[in-house]
file structure_11.cif (mmCIF, C-alpha atoms)
data_final
#
loop_
_atom_site.label_atom_id
_atom_site.label_comp_id
_atom_site.auth_asym_id
_atom_site.auth_seq_id
_atom_site.Cartn_x
_atom_site.Cartn_y
_atom_site.Cartn_z
CA MET A 236 -13.88 -32.29 -3.15
CA LYS A 237 -16.65 -30.10 -1.82
CA PHE A 238 -15.92 -27.00 -3.98
CA THR A 239 -15.16 -28.79 -7.26
CA ASP A 240 -16.65 -27.00 -10.30
CA THR A 241 -17.11 -23.81 -8.29
CA ALA A 242 -15.35 -20.54 -9.12
CA ILE A 243 -15.43 -17.21 -7.27
CA VAL A 244 -14.49 -14.13 -9.30
CA THR A 245 -14.44 -10.98 -7.20
CA ASP A 246 -13.95 -7.28 -7.65
CA LEU A 247 -11.30 -5.73 -5.40
CA ASP A 248 -12.20 -2.27 -4.05
CA GLY A 249 -15.24 -2.30 -1.80
CA THR A 250 -15.56 -6.07 -2.20
CA PHE A 251 -12.41 -8.12 -1.54
CA PHE A 252 -10.65 -5.19 0.14
CA ASN A 253 -12.27 -3.39 3.05
CA SER A 254 -13.35 0.24 2.83
CA LYS A 255 -9.77 1.37 3.57
CA THR A 256 -8.32 -0.75 0.71
CA GLU A 257 -6.88 -3.19 3.25
CA LEU A 258 -6.83 -6.99 3.28
CA VAL A 259 -9.35 -8.75 5.51
CA LYS A 260 -7.90 -11.76 7.34
CA ARG A 261 -11.25 -13.54 7.43
CA ASN A 262 -11.32 -13.45 3.61
CA LEU A 263 -7.76 -14.77 3.28
CA ASP A 264 -8.39 -17.65 5.69
CA ALA A 265 -11.63 -18.59 3.96
CA ILE A 266 -10.07 -18.47 0.47
CA SER A 267 -7.24 -20.76 1.59
CA TYR A 268 -9.77 -23.29 2.93
CA TYR A 269 -11.90 -22.96 -0.21
CA LYS A 270 -8.97 -23.63 -2.58
CA GLN A 271 -7.72 -26.56 -0.49
CA ASN A 272 -11.11 -28.13 -1.06
CA GLY A 273 -11.15 -27.75 -4.83
CA GLY A 274 -12.43 -24.20 -5.29
CA LEU A 275 -11.28 -21.89 -8.09
CA PHE A 276 -10.56 -18.25 -7.22
CA ALA A 277 -9.79 -15.14 -9.28
CA VAL A 278 -10.17 -11.38 -9.13
CA ALA A 279 -11.76 -9.03 -11.67
CA THR A 280 -10.41 -5.51 -11.58
CA GLY A 281 -9.92 -2.35 -13.60
CA ARG A 282 -6.22 -2.48 -12.78
CA VAL A 283 -3.33 -3.98 -14.74
CA PRO A 284 -1.35 -6.81 -13.04
CA GLU A 285 1.60 -4.58 -12.09
CA MET A 286 -0.67 -2.03 -10.37
CA LEU A 287 -2.37 -4.26 -7.80
CA GLY A 288 -0.71 -2.58 -4.82
CA ILE A 289 -0.43 -4.77 -1.74
CA LEU A 290 -1.86 -7.72 -3.68
CA GLU A 291 0.79 -7.74 -6.41
CA PRO A 292 3.35 -10.03 -4.70
CA MET A 293 0.58 -12.28 -3.36
CA MET A 294 -1.24 -12.98 -6.62
CA PRO A 295 0.57 -16.18 -7.72
CA SER A 296 -0.37 -17.83 -4.42
CA LEU A 297 -3.76 -16.13 -3.89
CA VAL A 298 -5.44 -16.96 -7.22
CA ASN A 299 -5.45 -20.31 -9.02
CA ILE A 300 -7.10 -19.38 -12.33
CA PRO A 301 -6.58 -16.46 -14.74
CA CYS A 302 -7.85 -13.08 -13.53
CA ILE A 303 -9.85 -10.39 -15.34
CA ASN A 304 -7.93 -7.14 -15.76
CA CYS A 305 -8.68 -3.64 -17.08
CA ASN A 306 -12.42 -4.27 -16.59
CA GLY A 307 -12.41 -7.08 -19.13
CA ALA A 308 -9.79 -6.01 -21.69
CA PHE A 309 -7.76 -9.15 -20.98
CA ALA A 310 -7.28 -12.06 -18.60
CA TYR A 311 -3.94 -12.68 -16.91
CA ASP A 312 -2.52 -15.97 -15.65
CA PHE A 313 -0.36 -15.26 -12.59
CA GLN A 314 1.15 -18.74 -12.63
CA GLU A 315 2.24 -18.56 -16.27
CA MET A 316 2.73 -14.76 -16.13
CA ARG A 317 0.99 -14.10 -19.44
CA PRO A 318 -2.21 -12.51 -20.76
CA TYR A 319 -5.11 -14.18 -22.54
CA ASN A 320 -7.87 -12.84 -24.78
CA GLU A 321 -6.56 -9.28 -25.18
CA ILE A 322 -9.06 -6.78 -26.62
CA PHE A 323 -7.72 -3.36 -27.58
CA LEU A 324 -9.27 0.06 -28.00
CA ASP A 325 -9.30 1.93 -31.30
CA ALA A 326 -6.43 4.28 -30.36
CA ASP A 327 -7.50 6.97 -32.82
CA LYS A 328 -11.08 7.11 -31.58
CA ALA A 329 -9.88 6.95 -27.97
CA THR A 330 -7.51 9.85 -28.63
CA GLU A 331 -10.40 11.85 -30.03
CA TYR A 332 -12.42 11.28 -26.86
CA VAL A 333 -9.49 12.07 -24.57
CA LYS A 334 -8.81 15.35 -26.34
CA LEU A 335 -12.45 16.42 -26.05
CA VAL A 336 -12.47 15.67 -22.32
CA ASN A 337 -9.09 17.27 -21.55
CA ALA A 338 -10.04 20.47 -23.41
CA ALA A 339 -13.45 20.85 -21.78
CA PHE A 340 -12.58 19.53 -18.30
CA PRO A 341 -8.91 20.38 -17.54
CA GLU A 342 -9.38 19.61 -13.83
CA VAL A 343 -10.01 15.93 -14.63
CA GLY A 344 -7.00 13.57 -14.76
CA THR A 345 -6.45 10.98 -17.51
CA ARG A 346 -4.57 7.68 -17.45
CA LEU A 347 -3.95 5.08 -20.13
CA SER A 348 -3.36 1.38 -19.54
CA CYS A 349 -1.85 -0.47 -22.48
CA SER A 350 0.25 -3.51 -23.32
CA LYS A 351 3.40 -1.36 -23.27
CA GLY A 352 2.76 0.07 -19.78
CA LYS A 353 0.68 2.61 -17.91
CA TYR A 354 0.84 6.31 -18.77
CA VAL A 355 -0.32 9.58 -17.27
CA ILE A 356 -1.91 11.63 -20.04
CA HIS A 357 -3.14 14.49 -17.85
CA GLU A 358 -2.52 14.69 -14.11
CA THR A 359 -4.40 16.76 -11.53
CA LYS A 360 -4.79 16.77 -7.78
CA TRP A 361 -7.65 14.27 -8.25
CA SER A 362 -5.52 11.71 -10.07
CA GLU A 363 -5.82 8.13 -8.87
CA PRO A 364 -2.83 7.14 -6.68
CA THR A 365 -0.78 4.37 -8.30
CA GLY A 366 1.76 3.38 -5.67
CA ARG A 367 4.62 3.67 -8.19
CA THR A 368 6.00 6.09 -10.74
CA ILE A 369 4.53 5.80 -14.23
CA ALA A 370 5.44 7.61 -17.43
CA SER A 371 3.89 10.99 -18.23
CA VAL A 372 3.15 11.63 -21.91
CA THR A 373 0.69 13.54 -24.06
CA VAL A 374 -2.03 11.48 -25.70
CA ASP A 375 -0.28 11.90 -29.05
CA GLU A 376 3.05 10.66 -27.61
CA ALA A 377 1.54 7.45 -26.22
CA PRO A 378 2.13 4.19 -28.14
CA ARG A 379 -0.43 3.86 -30.94
CA CYS A 380 -1.29 0.22 -30.31
CA GLY A 381 -2.19 -2.08 -27.44
CA TRP A 382 -4.58 0.29 -25.62
CA TYR A 383 -6.64 -1.58 -23.00
CA ARG A 384 -8.37 1.14 -20.99
CA VAL A 385 -8.58 4.90 -20.51
CA ALA A 386 -9.58 6.20 -17.06
CA PHE A 387 -10.52 9.69 -15.93
CA ASP A 388 -10.37 10.74 -12.28
CA GLY A 389 -11.94 13.83 -10.78
CA PRO A 390 -14.92 15.19 -8.85
CA CYS A 391 -18.04 13.07 -9.29
CA GLU A 392 -20.07 15.94 -10.73
CA GLN A 393 -17.40 16.62 -13.35
CA LEU A 394 -17.32 12.98 -14.44
CA ASP A 395 -21.10 12.94 -14.71
CA ALA A 396 -20.93 16.09 -16.84
CA ILE A 397 -18.42 14.42 -19.18
CA ARG A 398 -20.79 11.49 -19.64
CA GLU A 399 -23.70 13.76 -20.44
CA LYS A 400 -21.72 15.92 -22.85
CA PHE A 401 -19.67 13.40 -24.84
CA GLU A 402 -20.54 9.77 -24.19
CA SER A 403 -23.47 9.34 -26.60
CA GLY A 404 -21.28 10.11 -29.61
CA PHE A 405 -18.91 7.20 -28.87
CA THR A 406 -21.10 4.37 -27.57
CA GLU A 407 -20.72 2.37 -30.79
CA TYR A 408 -16.98 2.11 -30.07
CA PHE A 409 -16.60 2.01 -26.29
CA ASP A 410 -18.11 0.61 -23.11
CA PHE A 411 -18.24 3.41 -20.52
CA VAL A 412 -18.51 2.76 -16.76
CA LYS A 413 -17.79 4.35 -13.42
CA SER A 414 -15.75 2.08 -11.15
CA GLY A 415 -16.03 4.47 -8.21
CA PRO A 416 -17.48 7.89 -7.44
CA MET A 417 -14.35 9.60 -8.83
CA ILE A 418 -13.22 7.15 -11.54
CA TYR A 419 -14.83 7.04 -15.00
CA GLU A 420 -13.36 4.86 -17.73
CA PHE A 421 -13.86 3.13 -21.04
CA ASN A 422 -12.83 -0.05 -22.84
CA ASP A 423 -13.56 -1.44 -26.27
CA LYS A 424 -17.27 -2.16 -26.68
CA SER A 425 -16.65 -5.91 -26.52
CA ALA A 426 -14.40 -5.77 -23.46
CA THR A 427 -16.45 -5.78 -20.26
CA LYS A 428 -16.10 -7.77 -17.06
CA GLY A 429 -19.15 -9.74 -18.21
CA THR A 430 -17.82 -10.76 -21.61
CA ALA A 431 -14.48 -11.55 -19.97
CA LEU A 432 -16.29 -13.81 -17.49
CA VAL A 433 -17.87 -15.74 -20.37
CA ARG A 434 -14.45 -16.15 -22.01
CA LEU A 435 -12.92 -17.24 -18.68
CA LYS A 436 -15.60 -19.89 -18.16
CA LYS A 437 -14.95 -21.31 -21.63
CA LEU A 438 -11.19 -21.31 -21.01
CA LEU A 439 -11.58 -23.23 -17.74
CA ILE A 440 -13.80 -25.86 -19.36
CA ASP A 441 -11.71 -26.15 -22.54
CA THR A 442 -8.49 -26.63 -20.56
CA GLY A 443 -9.99 -29.22 -18.19
CA ARG A 444 -9.86 -27.05 -15.07
CA ALA A 445 -13.63 -27.47 -14.76
CA THR A 446 -16.49 -29.35 -16.38
CA GLU A 447 -19.68 -28.12 -18.01
CA ASN A 448 -21.16 -28.10 -14.48
CA LEU A 449 -18.98 -25.14 -13.46
CA ARG A 450 -20.86 -22.48 -11.49
CA ILE A 451 -19.33 -19.03 -11.21
CA TYR A 452 -20.08 -16.80 -8.23
CA ALA A 453 -19.24 -13.22 -9.22
CA VAL A 454 -18.94 -10.59 -6.49
CA GLY A 455 -19.07 -6.83 -7.06
CA ASP A 456 -20.20 -3.56 -5.59
CA TYR A 457 -20.19 -0.85 -8.27
CA GLU A 458 -21.32 0.07 -11.78
CA ASN A 459 -18.34 -1.55 -13.53
CA ASP A 460 -19.34 -4.89 -11.94
CA LEU A 461 -22.90 -4.96 -13.27
CA ASP A 462 -22.18 -6.73 -16.54
CA MET A 463 -20.10 -9.37 -14.74
CA LEU A 464 -22.92 -10.01 -12.29
CA ARG A 465 -25.44 -10.35 -15.11
CA HIS A 466 -23.26 -13.01 -16.79
CA ALA A 467 -22.54 -14.97 -13.58
CA ASP A 468 -24.33 -18.12 -12.51
CA VAL A 469 -24.73 -16.58 -9.04
CA PRO A 470 -24.35 -12.77 -8.82
CA CYS A 471 -23.30 -11.64 -5.33
CA CYS A 472 -22.77 -8.30 -3.60
CA PRO A 473 -21.63 -6.94 -0.25
CA ALA A 474 -23.91 -4.84 1.94
CA ASN A 475 -22.05 -1.68 0.89
CA ALA A 476 -22.87 -2.14 -2.83
CA ILE A 477 -24.75 0.55 -4.73
CA ASP A 478 -28.50 0.05 -5.11
CA GLU A 479 -28.28 -0.87 -8.81
CA VAL A 480 -25.92 -3.73 -7.97
CA LYS A 481 -28.12 -4.91 -5.10
CA LYS A 482 -31.03 -5.24 -7.51
CA VAL A 483 -29.01 -7.58 -9.76
CA ALA A 484 -27.42 -9.70 -7.02
CA LYS A 485 -29.06 -12.96 -5.92
CA LEU A 486 -26.74 -13.49 -2.96
CA HIS A 487 -26.31 -10.58 -0.54
CA VAL A 488 -23.50 -10.87 1.99
CA CYS A 489 -21.92 -8.75 4.74
CA HIS A 490 -20.15 -5.40 4.38
CA CYS A 491 -16.70 -5.54 2.78
CA ASP A 492 -15.19 -4.52 6.14
CA ASP A 493 -16.45 -7.76 7.69
CA GLY A 494 -15.24 -10.30 5.11
CA ALA A 495 -17.69 -10.40 2.21
CA ILE A 496 -15.80 -13.12 0.31
CA ALA A 497 -15.74 -15.34 3.40
CA ASP A 498 -19.51 -14.93 3.57
CA VAL A 499 -19.82 -16.05 -0.06
CA ILE A 500 -17.74 -19.15 0.69
CA ASP A 501 -19.89 -19.91 3.73
CA ALA A 502 -23.01 -19.65 1.56
CA ILE A 503 -21.53 -21.96 -1.10
CA GLU A 504 -20.61 -24.54 1.54
CA LYS A 505 -24.10 -24.46 3.05
CA SER A 506 -25.60 -25.04 -0.40
CA LYS A 507 -23.59 -28.23 -0.96
#
call {"tool": "encode", "arguments": {"input": "structure_11.cif", "output": "structure tokens"}}
result
Amino acid sequence: MKFTDTAIVTDLDGTFFNSKTELVKRNLDAISYYKQNGGLFAVATGRVPEMLGILEPMMPSLVNIPCINCNGAFAYDFQEMRPYNEIFLDADKATEYVKLVNAAFPEVGTRLSCSKGKYVIHETKWSEPTGRTIASVTVDEAPRCGWYRVAFDGPCEQLDAIREKFESGFTEYFDFVKSGPMIYEFNDKSATKGTALVRLKKLLIDTGRATENLRIYAVGDYENDLDMLRHADVPCCPANAIDEVKKVAKLHVCHCDDGAIADVIDAIEKSK
């Protein structure tokens, strides 16, 4: 089949979705054709599986290999409905960082994603919309194990100030990224989209879903995608990507509004 030993792993916001966080029909049609002809498809996102919005009910039929969640903290198989390769934060060190941020920047919201659910630690008018009700707790009330990711949401200048003030003291423990102008987050140091991509490639080969000839096309637009692009066989980006991502990408495709993933599939087909 023409797309055998080819995998596409794409970010969601600003990449698979259009700029209004809507589905693009051209992408969906192209992905269906691509999978029918042997292609492997997954998403890589900062979200947990139950917080994928309009995609949540579609995932078992949309993807056909495990997906990267929480920016690399684990992979999730939507056919088997179970996680792989979970990597957790040091909850005590993460609590220390959260308390520093909440005390110095009370206007910035805080959310925790963990194996026991998603929690609001500190909510403000800037808080990221979730599409469903989630539990509100203090950082000390949150479960003390299974922490995947902590995310802060607020004005861009406030998030940049947090990075400048506190980040350097915690870089031996955490990987810090911005996944959008108003979202700043951290995972365990070893849990990035890039390291997750390496683990996914090994899983696909070890389980016979692909051979050693597997080529992964990773698609992203923002800072949290950089490590994934650097670990991909073919790093790709849409026209709306930030400049730093454009410098890393080898394949540049159309704006996310116009069907960036369909463009990637077209490019793969032309290369065969």
call {"tool": "resolve_selection", "arguments": {"input": "structure_11.cif", "expression": "the PyMOL selection byres ((chain A and resi 328) around 12)", "output": "list in words"}}
result
Phe323, Leu324, Asp325, Ala326, Asp327, Ala329, Thr330, Glu331, Tyr332, Val333, Lys334, Leu335, Val374, Arg379, Trp382, Val385, Gly404, Phe405, Thr406, Glu407, Tyr408, Phe409, Phe421, Asn422 and Asp423 of chain A
call {"tool": "resolve_selection", "arguments": {"input": "structure_11.cif", "expression": "the PyMOL selection byres ((chain A and resi 288) around 12)", "output": "compact mmCIF listing (two decimals) with C-alpha atoms, keeping the file's coordinate frame"}}
result
# COMPACT_ATOMS: atom_id res chain seq x y z
CA LEU A 247 -11.30 -5.73 -5.40
CA ASP A 248 -12.20 -2.27 -4.05
CA PHE A 252 -10.65 -5.19 0.14
CA THR A 256 -8.32 -0.75 0.71
CA GLU A 257 -6.88 -3.19 3.25
CA LEU A 258 -6.83 -6.99 3.28
CA ARG A 282 -6.22 -2.48 -12.78
CA VAL A 283 -3.33 -3.98 -14.74
CA PRO A 284 -1.35 -6.81 -13.04
CA GLU A 285 1.60 -4.58 -12.09
CA MET A 286 -0.67 -2.03 -10.37
CA LEU A 287 -2.37 -4.26 -7.80
CA ILE A 289 -0.43 -4.77 -1.74
CA LEU A 290 -1.86 -7.72 -3.68
CA GLU A 291 0.79 -7.74 -6.41
CA PRO A 292 3.35 -10.03 -4.70
CA MET A 293 0.58 -12.28 -3.36
CA MET A 294 -1.24 -12.98 -6.62
CA PRO A 364 -2.83 7.14 -6.68
CA THR A 365 -0.78 4.37 -8.30
CA GLY A 366 1.76 3.38 -5.67
CA ARG A 367 4.62 3.67 -8.19
call {"tool": "resolve_selection", "arguments": {"input": "structure_11.cif", "expression": "the PyMOL selection byres ((chain A and resi 413) around 10)", "output": "number ranges by chain"}}
result
A: 386-388, 391, 394-395, 398, 411-412, 414-421, 457-460
call {"tool": "residues_around", "arguments": {"input": "structure_11.cif", "residues": "Glu321 of chain A", "least_positions_apart": "2", "cutoff": "9 Å", "atoms": "all atoms listed in the file", "output": "VMD selection string"}}
result
chain A and resid 307 to 310 318 to 319 323 381 383 426
call {"tool": "atom_distance", "arguments": {"input": "structure_11.cif", "atom1": "atom CA of Val372 of chain A", "atom2": "atom CA of Ile356 of chain A"}}
result
5.4 Å
